[in-house]
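Novice: Okay, here's the structure, questions in a sec.
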Amino acid sequence: MLAHDLVDEFRLLVFPVLVGSGKRLFGDGTVPAGLRLAGSVTSSTGVVVSTYERAGAITYGAMGPETGNW
């Protein structure tokens, strides 16, 4: 579905557990897309549920003390 740009919304669940090196969230061949955080909630057990929606074209920026965005 990602390869054909058929996904309008992503719901990501982040669990507060660290096990091994993990897996890539999006595999090879995934088309880059701009996303906007539409909402986020945290469960009583610490699981963060974030909802992302499509936001059009990708925007690029910089982060760090040398950019003033720190």
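Note on naming: chains are A, B, ... as they come in the structure tokens, residues start from 1 per chain, ligands start from 1 in the order shown.
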Would you list the contacts of Tyr60 in chain A as an mmCIF file with C-alpha atoms, in the first residue's frame, taking every protein, DNA or RNA residue within 12 Å and counting only C-alpha atoms, but skipping same-chain residues closer than 2 positions in sequence?
Specialist:
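Final output, saved to around19.cif:
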```cif
data_model
loop_
_atom_site.group_PDB
_atom_site.id
_atom_site.type_symbol
_atom_site.label_atom_id
_atom_site.label_comp_id
_atom_site.auth_asym_id
_atom_site.auth_seq_id
_atom_site.Cartn_x
_atom_site.Cartn_y
_atom_site.Cartn_z
ATOM 1 C CA PRO A 32 9.108 9.624 1.273
ATOM 2 C CA ALA A 33 6.084 11.671 2.334
ATOM 3 C CA GLY A 34 5.401 14.693 4.516
ATOM 4 C CA ALA A 57 5.356 17.763 0.151
ATOM 5 C CA ILE A 58 8.375 17.031 2.298
ATOM 6 C CA ALA A 62 18.171 21.756 10.275
ATOM 7 C CA MET A 63 18.526 21.203 14.003
#
```
Novice: Where does DSSP see strand (DSSP E) in chain A, if you list the residues as an MDAnalysis selection string?
Specialist: chainID A and resid 9:14 35:42 48:54
Novice: Of the residues A:Gly39, A:Met1, A:Gly61, A:Arg54, which is the one nearest to Phe26 in chain A, using only C-alpha atoms?
Specialist: A:Met1
Novice: So how many Å separate CA of Thr59 in chain A and CA of Leu12 in chain A, to one decimal?
Specialist: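 Rounded to one decimal, the two atoms are 21.0 Å apart.
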Novice: Using only C-alpha atoms, which of A:Arg36, A:Val41, A:Gly68, A:Val47 sits nearest Asp8 in chain A?
Specialist: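 Residue with the minimum atom-to-atom distance to Asp8 in chain A: A:Arg36.
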Novice: When distances are computed from only C-alpha atoms, which of A:Ser21, A:Leu35, A:Val14, A:Ser44 shows the smallest separation from Gly56 in chain A?
Specialist: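 Checking each candidate against Gly56 in chain A, we get A:Leu35 as the closest.
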Novice: Rounded to one decimal in Å, what is the spacing between CA of Pro16 in chain A and CA of Ala3 in chain A?
Specialist: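 Computing the Euclidean distance for CA of Pro16 in chain A and CA of Ala3 in chain A yields 29.5 Å.
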Novice: Which value, in Å to one decimal, gives the distance between CA of Ser43 in chain A and CA of Val17 in chain A?
Specialist: 14.2 Å
Novice: Excluding Ala38 in chain A and its own-chain neighbours fewer than 2 positions away, which residues fall within 9 Å of it when counting only C-alpha atoms? Please give them as a short mmCIF file (atom, residue, chain, number, x, y, z; two decimals) with N, CA and C atoms, in the first residue's frame.
Specialist:
```cif
data_model
loop_
_atom_site.label_atom_id
_atom_site.label_comp_id
_atom_site.auth_asym_id
_atom_site.auth_seq_id
_atom_site.Cartn_x
_atom_site.Cartn_y
_atom_site.Cartn_z
N ARG A 36 2.11 14.96 9.32
CA ARG A 36 1.78 15.93 10.35
C ARG A 36 1.23 15.15 11.54
N SER A 40 -1.83 12.60 19.84
CA SER A 40 -0.96 11.72 20.60
C SER A 40 -1.56 11.51 21.99
N SER A 50 0.54 7.60 18.65
CA SER A 50 0.62 8.82 17.85
C SER A 50 -0.07 8.59 16.51
N THR A 51 -0.86 9.57 16.08
CA THR A 51 -1.55 9.51 14.80
C THR A 51 -0.95 10.56 13.89
N TYR A 52 -0.48 10.13 12.73
CA TYR A 52 0.10 11.03 11.73
C TYR A 52 -0.76 11.02 10.49
N GLU A 53 -0.94 12.20 9.89
CA GLU A 53 -1.69 12.34 8.64
C GLU A 53 -0.77 12.87 7.56
#
```
